[in-house]
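Undergrad: Data file my_file17.tsv (TSV, C-alpha atoms) is appended below.
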chain	number	residue	atom	x	y	z
V	1	MET	CA	48.48	-20.83	20.20
V	2	ARG	CA	49.71	-24.03	21.77
V	3	ASP	CA	50.42	-27.14	19.73
V	4	GLY	CA	47.21	-28.65	18.40
V	5	GLY	CA	45.53	-25.26	18.10
V	6	GLU	CA	44.96	-24.79	21.82
V	7	PRO	CA	44.79	-21.15	22.95
V	8	GLY	CA	47.59	-20.27	25.31
V	9	PRO	CA	47.19	-18.16	28.44
V	10	HIS	CA	45.12	-15.04	27.84
V	11	ARG	CA	47.32	-12.06	27.07
V	12	ALA	CA	45.57	-8.73	26.71
V	13	PRO	CA	47.22	-6.03	24.60
V	14	ALA	CA	48.72	-3.17	26.61
V	15	TRP	CA	45.88	-0.83	25.69
V	16	LEU	CA	43.40	-3.25	27.30
V	17	HIS	CA	45.33	-4.21	30.43
V	18	GLY	CA	42.91	-2.51	32.81
V	19	GLY	CA	40.11	-4.64	34.24
V	20	HIS	CA	37.50	-2.01	33.44
V	21	ALA	CA	38.70	-1.72	29.84
V	22	GLN	CA	38.59	-5.49	29.39
V	23	THR	CA	35.08	-5.57	30.84
V	24	ILE	CA	33.46	-2.64	29.07
V	25	TRP	CA	35.21	-2.52	25.70
V	26	PRO	CA	34.08	-5.96	24.39
V	27	ALA	CA	30.47	-4.80	24.49
V	28	PHE	CA	31.33	-2.25	21.78
V	29	LEU	CA	33.14	-4.65	19.45
V	30	ALA	CA	31.44	-6.02	16.36
V	31	ARG	CA	29.57	-9.21	17.24
V	32	PRO	CA	29.39	-12.17	14.88
V	33	ARG	CA	26.08	-12.65	13.11
V	34	VAL	CA	24.27	-15.65	14.56
V	35	ARG	CA	20.88	-17.00	13.53
V	36	TRP	CA	18.59	-18.32	16.25
V	37	ARG	CA	15.53	-20.53	16.37
V	38	ARG	CA	13.31	-19.62	19.34
V	39	GLU	CA	11.57	-22.40	21.31
V	40	SER	CA	9.18	-21.76	24.20
V	41	VAL	CA	9.69	-24.56	26.71
V	42	ALA	CA	7.32	-25.45	29.54
V	43	ALA	CA	8.98	-25.20	32.95
V	44	PRO	CA	8.06	-27.76	35.63
V	45	ASP	CA	6.27	-25.13	37.76
V	46	GLY	CA	3.91	-24.01	34.99
V	47	ASP	CA	6.00	-21.06	33.83
V	48	GLU	CA	7.82	-20.91	30.51
V	49	TRP	CA	11.42	-20.62	29.37
V	50	GLU	CA	12.69	-19.17	26.10
V	51	PHE	CA	15.44	-21.27	24.48
V	52	ASP	CA	17.38	-19.82	21.55
V	53	TRP	CA	18.81	-22.65	19.45
V	54	LEU	CA	21.67	-22.07	17.06
V	55	ASP	CA	20.11	-22.18	13.59
V	56	ALA	CA	23.01	-23.54	11.54
V	57	PRO	CA	23.92	-26.81	9.80
V	58	ALA	CA	25.27	-29.43	12.22
V	59	ALA	CA	26.89	-32.80	11.79
V	60	PRO	CA	24.81	-35.88	12.75
V	61	GLY	CA	25.13	-36.56	16.48
V	62	ALA	CA	27.16	-33.38	16.98
V	63	PRO	CA	27.80	-32.16	20.54
V	64	ILE	CA	25.52	-29.50	22.00
V	65	VAL	CA	26.98	-26.48	23.79
V	66	VAL	CA	24.61	-24.95	26.35
V	67	LEU	CA	25.31	-21.38	27.49
V	68	PHE	CA	23.84	-19.92	30.70
V	69	HIS	CA	24.10	-16.14	30.40
V	70	GLY	CA	25.02	-13.61	33.05
V	71	LEU	CA	22.97	-11.01	34.92
V	72	GLU	CA	20.54	-9.40	32.45
V	73	GLY	CA	22.29	-11.18	29.59
V	74	SER	CA	20.74	-13.02	26.67
V	75	SER	CA	21.56	-14.77	23.42
V	76	ASP	CA	22.53	-11.31	22.12
V	77	SER	CA	25.33	-10.84	24.67
V	78	HIS	CA	28.75	-10.50	23.07
V	79	TYR	CA	30.06	-13.66	24.70
V	80	ALA	CA	27.00	-15.64	23.57
V	81	ARG	CA	27.27	-14.64	19.93
V	82	SER	CA	31.05	-15.07	19.87
V	83	LEU	CA	30.83	-18.56	21.35
V	84	MET	CA	27.97	-19.72	19.17
V	85	ALA	CA	29.66	-18.44	16.00
V	86	GLU	CA	32.61	-20.68	16.88
V	87	VAL	CA	30.24	-23.56	17.66
V	88	ALA	CA	28.58	-23.14	14.26
V	89	GLY	CA	31.99	-23.16	12.59
V	90	ARG	CA	32.57	-26.63	14.01
V	91	ARG	CA	29.15	-27.84	12.85
V	92	TRP	CA	28.20	-28.42	16.48
V	93	ARG	CA	24.85	-27.50	17.98
V	94	GLY	CA	24.21	-24.78	20.54
V	95	VAL	CA	21.47	-23.33	22.72
V	96	VAL	CA	21.05	-20.37	25.09
V	97	PRO	CA	18.30	-20.98	27.69
V	98	HIS	CA	17.14	-17.62	29.02
V	99	PHE	CA	16.63	-17.16	32.72
V	100	ARG	CA	13.15	-15.95	33.70
V	101	GLY	CA	12.47	-12.45	32.46
V	102	CYS	CA	15.46	-12.35	30.09
V	103	GLY	CA	13.84	-13.88	27.02
V	104	GLY	CA	11.57	-10.97	26.16
V	105	LYS	CA	8.46	-12.23	27.95
V	106	PRO	CA	7.19	-11.53	31.47
V	107	ASN	CA	7.06	-14.45	33.89
V	108	ARG	CA	3.81	-16.18	34.63
V	109	LEU	CA	4.94	-16.64	38.23
V	110	PRO	CA	6.40	-14.24	40.83
V	111	ARG	CA	10.03	-15.28	40.54
V	112	ALA	CA	13.13	-14.13	38.68
V	113	TYR	CA	16.59	-15.75	38.74
V	114	HIS	CA	19.67	-15.62	40.93
V	115	SER	CA	23.27	-16.74	41.37
V	116	GLY	CA	22.34	-19.89	43.29
V	117	ASP	CA	19.50	-20.99	40.99
V	118	HIS	CA	20.72	-24.61	40.81
V	119	GLU	CA	17.25	-26.16	40.49
V	120	GLU	CA	16.54	-23.95	37.47
V	121	VAL	CA	19.83	-24.93	35.85
V	122	GLY	CA	19.18	-28.61	36.48
V	123	ALA	CA	15.68	-28.44	35.02
V	124	MET	CA	16.84	-26.52	31.95
V	125	LEU	CA	19.66	-28.99	31.33
V	126	ALA	CA	17.21	-31.88	31.63
V	127	ALA	CA	15.05	-30.22	28.97
V	128	VAL	CA	18.07	-29.81	26.66
V	129	ARG	CA	19.18	-33.39	27.31
V	130	GLU	CA	15.71	-34.63	26.36
V	131	ARG	CA	15.96	-32.78	23.04
V	132	ALA	CA	19.58	-33.70	22.31
V	133	GLY	CA	19.05	-37.20	21.02
V	134	PRO	CA	20.82	-40.37	22.21
V	135	GLY	CA	24.58	-40.31	22.41
V	136	ALA	CA	25.10	-36.60	21.69
V	137	PRO	CA	27.62	-35.10	24.15
V	138	LEU	CA	26.28	-32.11	26.06
V	139	HIS	CA	28.76	-29.45	27.17
V	140	VAL	CA	27.70	-26.52	29.33
V	141	VAL	CA	29.20	-23.12	30.12
V	142	GLY	CA	27.94	-20.44	32.48
V	143	VAL	CA	29.09	-16.83	32.38
V	144	SER	CA	29.12	-14.64	35.51
V	145	LEU	CA	25.79	-15.23	37.34
V	146	GLY	CA	25.12	-18.15	34.99
V	147	GLY	CA	28.48	-19.62	35.96
V	148	SER	CA	27.66	-19.28	39.65
V	149	ALA	CA	24.30	-21.02	39.22
V	150	LEU	CA	25.92	-23.75	37.12
V	151	LEU	CA	28.64	-24.43	39.70
V	152	ASN	CA	25.96	-24.61	42.41
V	153	TRP	CA	24.21	-27.31	40.39
V	154	LEU	CA	27.39	-29.21	39.53
V	155	GLY	CA	28.44	-29.33	43.18
V	156	ARG	CA	25.09	-30.59	44.36
V	157	ALA	CA	24.78	-33.13	41.55
V	158	GLY	CA	28.31	-34.47	42.07
V	159	ALA	CA	29.20	-37.42	39.86
V	160	GLY	CA	25.51	-37.69	38.94
V	161	ALA	CA	25.92	-34.64	36.69
V	162	GLY	CA	27.74	-36.95	34.29
V	163	SER	CA	24.42	-38.52	33.27
V	164	ILE	CA	23.49	-35.16	31.69
V	165	VAL	CA	26.69	-33.28	30.81
V	166	ALA	CA	30.10	-34.41	29.60
V	167	ARG	CA	32.15	-31.31	30.48
V	168	ALA	CA	31.45	-27.90	32.00
V	169	ALA	CA	33.01	-24.46	32.31
V	170	ALA	CA	32.32	-21.36	34.39
V	171	VAL	CA	33.61	-17.99	33.16
V	172	SER	CA	33.97	-14.96	35.45
V	173	ALA	CA	31.71	-16.58	38.05
V	174	PRO	CA	31.52	-14.70	41.39
V	175	LEU	CA	32.51	-17.67	43.55
V	176	ASP	CA	32.14	-15.67	46.78
V	177	LEU	CA	29.01	-13.54	46.42
V	178	MET	CA	29.70	-11.57	49.59
V	179	ALA	CA	33.06	-10.40	48.24
V	180	ALA	CA	31.72	-9.68	44.75
V	181	GLY	CA	28.54	-8.03	45.99
V	182	ARG	CA	30.41	-5.64	48.26
V	183	SER	CA	32.88	-4.86	45.46
V	184	ILE	CA	30.29	-3.98	42.81
V	185	ASP	CA	28.71	-1.39	45.11
V	186	ARG	CA	31.98	0.47	45.72
V	187	GLY	CA	33.82	3.22	43.88
V	188	SER	CA	33.84	3.16	40.09
V	189	ASN	CA	32.21	-0.28	40.13
V	190	ARG	CA	28.94	1.45	40.94
V	191	LEU	CA	28.74	2.11	37.19
V	192	TYR	CA	28.06	-1.62	36.71
V	193	ALA	CA	25.44	-1.66	39.46
V	194	TRP	CA	23.69	1.30	37.82
V	195	HIS	CA	23.81	-0.48	34.45
V	196	PHE	CA	22.18	-3.62	35.84
V	197	LEU	CA	19.57	-1.73	37.85
V	198	ARG	CA	18.39	0.13	34.74
V	199	THR	CA	16.62	-3.07	33.66
V	200	LEU	CA	16.33	-4.98	36.93
V	201	ALA	CA	14.35	-2.27	38.75
V	202	PRO	CA	11.57	-1.94	36.11
V	203	LYS	CA	11.19	-5.73	36.04
V	204	ALA	CA	10.85	-5.75	39.82
V	205	ARG	CA	8.19	-3.03	39.69
V	206	ALA	CA	6.29	-5.05	37.08
V	207	ILE	CA	6.34	-8.11	39.35
V	208	ALA	CA	5.11	-6.02	42.28
V	209	SER	CA	2.27	-4.70	40.12
V	210	ARG	CA	1.21	-8.09	38.79
V	211	PHE	CA	1.57	-9.93	42.11
V	212	PRO	CA	0.47	-7.59	44.92
V	213	GLY	CA	2.00	-8.40	48.28
V	214	ARG	CA	4.98	-10.35	46.96
V	215	LEU	CA	7.32	-7.35	47.16
V	216	ASP	CA	7.38	-4.15	49.19
V	217	ALA	CA	6.61	-1.73	46.34
V	218	SER	CA	7.65	1.28	48.44
V	219	ARG	CA	11.27	0.08	48.41
V	220	LEU	CA	11.49	-0.37	44.64
V	221	SER	CA	11.86	3.32	43.83
V	222	ARG	CA	14.94	3.61	46.05
V	223	LEU	CA	17.17	0.90	44.58
V	224	THR	CA	20.63	2.38	44.07
V	225	THR	CA	22.87	-0.58	44.99
V	226	MET	CA	22.92	-4.30	44.25
V	227	TRP	CA	22.73	-4.96	48.00
V	228	ALA	CA	19.46	-3.02	48.15
V	229	PHE	CA	18.07	-4.80	45.08
V	230	ASP	CA	18.90	-8.25	46.42
V	231	ASP	CA	17.41	-7.35	49.79
V	232	ALA	CA	14.18	-5.95	48.34
V	233	VAL	CA	13.72	-8.29	45.37
V	234	THR	CA	15.98	-11.33	45.01
V	235	ALA	CA	15.75	-12.49	48.61
V	236	PRO	CA	11.95	-12.27	49.13
V	237	LEU	CA	11.17	-13.75	45.70
V	238	HIS	CA	13.39	-16.79	46.21
V	239	GLY	CA	13.12	-17.66	49.88
V	240	PHE	CA	16.20	-15.97	51.33
V	241	GLY	CA	16.19	-14.01	54.57
V	242	GLY	CA	17.79	-10.91	53.09
V	243	THR	CA	20.88	-10.03	51.09
V	244	ASP	CA	23.43	-11.44	53.52
V	245	ASP	CA	21.57	-14.75	53.68
V	246	TYR	CA	21.32	-14.86	49.88
V	247	TRP	CA	24.96	-13.98	49.27
V	248	THR	CA	26.05	-16.62	51.80
V	249	ARG	CA	23.80	-19.51	50.77
V	250	ALA	CA	24.01	-18.94	47.00
V	251	SER	CA	27.80	-18.72	46.79
V	252	SER	CA	29.25	-21.49	44.64
V	253	LYS	CA	32.71	-21.66	46.22
V	254	PRO	CA	31.72	-24.17	48.94
V	255	TRP	CA	30.44	-26.55	46.22
V	256	LEU	CA	33.60	-26.68	44.12
V	257	ALA	CA	35.02	-29.57	46.16
V	258	ARG	CA	32.03	-31.76	45.28
V	259	ILE	CA	32.05	-31.37	41.51
V	260	GLY	CA	32.22	-34.74	39.78
V	261	VAL	CA	32.58	-33.91	36.07
V	262	PRO	CA	35.51	-32.16	34.33
V	263	THR	CA	34.96	-28.45	34.92
V	264	LEU	CA	37.02	-25.42	33.93
V	265	VAL	CA	36.73	-22.44	36.29
V	266	LEU	CA	38.12	-19.40	34.47
V	267	ASN	CA	38.52	-16.07	36.29
V	268	ALA	CA	40.70	-13.11	35.34
V	269	ARG	CA	42.63	-11.76	38.29
V	270	ASN	CA	41.90	-8.18	37.19
V	271	ASP	CA	38.12	-8.65	37.16
V	272	PRO	CA	36.93	-5.28	38.48
V	273	PHE	CA	34.25	-6.65	40.80
V	274	ILE	CA	35.47	-10.13	41.68
V	275	PRO	CA	38.41	-9.58	44.05
V	276	ALA	CA	41.34	-11.85	43.22
V	277	ALA	CA	41.61	-12.77	46.92
V	278	SER	CA	38.14	-14.33	46.72
V	279	LEU	CA	39.03	-16.76	43.93
V	280	ALA	CA	39.36	-20.46	44.62
V	281	ARG	CA	42.63	-22.17	45.43
V	282	ALA	CA	43.62	-25.65	44.30
V	283	THR	CA	43.07	-27.00	47.82
V	284	GLU	CA	39.41	-25.88	47.71
V	285	VAL	CA	38.30	-27.74	44.58
V	286	SER	CA	37.74	-31.33	43.51
V	287	PRO	CA	40.27	-33.15	41.31
V	288	GLN	CA	37.76	-32.72	38.45
V	289	VAL	CA	38.09	-28.92	38.56
V	290	GLU	CA	40.75	-27.05	36.60
V	291	LEU	CA	41.37	-23.50	37.80
V	292	GLU	CA	42.59	-20.96	35.25
V	293	GLN	CA	43.29	-17.46	36.52
V	294	PRO	CA	45.04	-15.27	33.94
V	295	GLU	CA	46.25	-11.85	35.00
V	296	HIS	CA	44.07	-10.07	32.43
V	297	GLY	CA	40.62	-10.51	30.96
V	298	GLY	CA	38.34	-8.32	33.06
V	299	HIS	CA	34.79	-9.57	33.61
V	300	ALA	CA	33.71	-11.85	30.75
V	301	GLY	CA	35.88	-9.79	28.41
V	302	PHE	CA	39.11	-11.56	27.40
V	303	ALA	CA	39.63	-9.35	24.34
V	304	THR	CA	42.92	-9.77	22.48
V	305	GLY	CA	44.84	-8.29	19.60
V	306	PRO	CA	45.54	-4.79	18.31
V	307	PHE	CA	42.91	-2.07	18.35
V	308	PRO	CA	39.94	-2.51	18.16
V	309	GLY	CA	40.49	-6.00	19.54
V	310	ARG	CA	38.98	-9.45	18.99
V	311	LEU	CA	36.66	-11.69	21.00
V	312	ASP	CA	37.83	-15.06	19.69
V	313	TRP	CA	40.11	-16.14	22.55
V	314	LEU	CA	37.36	-17.13	24.98
V	315	PRO	CA	35.23	-19.24	22.60
V	316	ARG	CA	38.33	-21.04	21.34
V	317	ARG	CA	39.50	-21.73	24.87
V	318	LEU	CA	36.11	-23.16	25.78
V	319	LEU	CA	35.85	-25.40	22.74
V	320	VAL	CA	39.37	-26.71	23.31
V	321	TRP	CA	38.25	-27.61	26.85
V	322	PHE	CA	35.13	-29.33	25.55
V	323	ASP	CA	37.23	-31.23	22.98
V	324	ASN	CA	39.39	-32.91	25.63
Written as structure tokens, how would this file's structure read?

TA:
Amino acid sequence: MRDGGEPGPHRAPAWLHGGHAQTIWPAFLARPRVRWRRESVAAPDGDEWEFDWLDAPAAPGAPIVVLFHGLEGSSDSHYARSLMAEVAGRRWRGVVPHFRGCGGKPNRLPRAYHSGDHEEVGAMLAAVRERAGPGAPLHVVGVSLGGSALLNWLGRAGAGAGSIVARAAAVSAPLDLMAAGRSIDRGSNRLYAWHFLRTLAPKARAIASRFPGRLDASRLSRLTTMWAFDDAVTAPLHGFGGTDDYWTRASSKPWLARIGVPTLVLNARNDPFIPAASLARATEVSPQVELEQPEHGGHAGFATGPFPGRLDWLPRRLLVWFDN
């Protein structure tokens, strides 16, 4: 720890130095118990979001921490529960807005969510801001896909984002979707693609069944890569001209230079499917962006300590950032 209780650079124990170990192992660690209060929130297009609010005592006017989860994540993801347990310990407030289809209910409309979903992020944050009460600071973090979508919104909003959020952070965000997308479909990384497709493909088939003509149903039984899924599902549902168009237009890296609120961009250099060469350099970001690129941490892992490991480094790092 640094002076003042600030977590120092992430240092993984030797037994967790591999990027795959740091990515997979945290999912098996004991997760803190967190109580949630579910709120169904009307979306501007007539659909509905599911917000899980931290159900714990909070100080009057306490800050609110908003977490945008990663691909097929939820309020039950290890990083969500670890962060919100730390938030509760500070008597702050917290909320996890679920992207469409991730809150346990089917969508009313033929859409899902994606890495460039900046309008969705902006609308969700506006809904949280409306519920926050006057004067309460609102801090926001996005993990993986959620981080990419958040950075897309921050870059487009520029200094105007400051009317909604005080500080932001993106963890393990794939800044260059072309590089990350190609990486996840190669070699041992295909394990992750298979894991995601186990839930993504059935959701896509349900959309095709409920909304005939929106998707080519004949392609949905042959989805074995993320490139194929994005080409058959993500792109046609959200107005992209195919995977390459989606991965190009939804990448957040070009927007980092326009961010106008203090934003931490945290990426481990051993992330198994975000190549270190694709990470941002200081010359590519605005003065409001702080880049942190530890050697270890995997993808949204950042476990520390002796076996079996702990998940407290990341939430502490984020809350120190939000405290500044």

Undergrad: Pick out the residues sitting within 9 Å of segment 13-26 of chain V, and hand them over as an NGL selection string; count only C-alpha atoms, and ignore anything fewer than 6 positions along from it in its own chain.

TA: :V and (78-79 or 189 or 268-272 or 295-311)

Undergrad: For the selection you just gave me, I'd like the residues written to a file as a compact mmCIF listing (two decimals), keeping the file's coordinate frame, keeping C-alpha atoms.

TA:
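The resulting out-v6.txt:
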# COMPACT_ATOMS: atom_id res chain seq x y z
CA HIS V 78 28.75 -10.50 23.07
CA TYR V 79 30.06 -13.66 24.70
CA ASN V 189 32.21 -0.28 40.13
CA ALA V 268 40.70 -13.11 35.34
CA ARG V 269 42.63 -11.76 38.29
CA ASN V 270 41.90 -8.18 37.19
CA ASP V 271 38.12 -8.65 37.16
CA PRO V 272 36.93 -5.28 38.48
CA GLU V 295 46.25 -11.85 35.00
CA HIS V 296 44.07 -10.07 32.43
CA GLY V 297 40.62 -10.51 30.96
CA GLY V 298 38.34 -8.32 33.06
CA HIS V 299 34.79 -9.57 33.61
CA ALA V 300 33.71 -11.85 30.75
CA GLY V 301 35.88 -9.79 28.41
CA PHE V 302 39.11 -11.56 27.40
CA ALA V 303 39.63 -9.35 24.34
CA THR V 304 42.92 -9.77 22.48
CA GLY V 305 44.84 -8.29 19.60
CA PRO V 306 45.54 -4.79 18.31
CA PHE V 307 42.91 -2.07 18.35
CA PRO V 308 39.94 -2.51 18.16
CA GLY V 309 40.49 -6.00 19.54
CA ARG V 310 38.98 -9.45 18.99
CA LEU V 311 36.66 -11.69 21.00

Undergrad: Excluding Ser218 of chain V and its own-chain neighbours fewer than 3 positions away, which residues fall within 12 Å of it when counting all atoms listed in the file? Please give them as an MDAnalysis selection string.

TA: chainID V and resid 204:205 208:209 212:213 215 221:223 232:233

Undergrad: Mind checking which residues fall within 7 Å of Phe322 of chain V, counting all atoms listed in the file, ignoring those fewer than 3 positions away in the same chain, and posting them as JSON, numbers by chain?

TA: {"V": [139, 167, 318, 319]}

Undergrad: How far is it from atom CA of Gly241 of chain V to atom CA of Pro44 of chain V, in Å with one decimal?

TA: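 Atom-to-atom, atom CA of Gly241 of chain V to atom CA of Pro44 of chain V, that is 24.8 Å.
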
Undergrad: Just give me the gap between atom CA of Arg317 of chain V and atom CA of Ala277 of chain V in Å, one decimal is fine.

TA: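 If I compute the distance from atom CA of Arg317 of chain V to atom CA of Ala277 of chain V, I get 23.9 Å.
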
Undergrad: Measure the distance from atom CA of Gly181 of chain V to atom CA of Pro275 of chain V in Å and round it to one decimal.

TA: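 Interatomic distance, atom CA of Gly181 of chain V to atom CA of Pro275 of chain V: 10.2 Å.
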
Undergrad: Within 10 Å of Gly70 of chain V, counting only C-alpha atoms, which residues show up once you throw out same-chain ones fewer than 5 positions away? Write them as a list in words, please.

TA: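 Counting only the stated atoms, we get Ser77, Tyr79, Ala80, His98, Phe99, His114, Ser115, Gly142, Val143, Ser144, Leu145, Gly146, Gly147, Ser148, Ala149, Val171, Ser172, Ala173 and Ala300 of chain V.
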
Undergrad: Given the selection you just returned, output its residues as a file containing C-alpha atoms, formatted as a short mmCIF file (atom, residue, chain, number, x, y, z; two decimals), keeping the file's coordinate frame.

TA:
data_model
loop_
_atom_site.label_atom_id
_atom_site.label_comp_id
_atom_site.auth_asym_id
_atom_site.auth_seq_id
_atom_site.Cartn_x
_atom_site.Cartn_y
_atom_site.Cartn_z
CA SER V 77 25.33 -10.84 24.67
CA TYR V 79 30.06 -13.66 24.70
CA ALA V 80 27.00 -15.64 23.57
CA HIS V 98 17.14 -17.62 29.02
CA PHE V 99 16.63 -17.16 32.72
CA HIS V 114 19.67 -15.62 40.93
CA SER V 115 23.27 -16.74 41.37
CA GLY V 142 27.94 -20.44 32.48
CA VAL V 143 29.09 -16.83 32.38
CA SER V 144 29.12 -14.64 35.51
CA LEU V 145 25.79 -15.23 37.34
CA GLY V 146 25.12 -18.15 34.99
CA GLY V 147 28.48 -19.62 35.96
CA SER V 148 27.66 -19.28 39.65
CA ALA V 149 24.30 -21.02 39.22
CA VAL V 171 33.61 -17.99 33.16
CA SER V 172 33.97 -14.96 35.45
CA ALA V 173 31.71 -16.58 38.05
CA ALA V 300 33.71 -11.85 30.75
#
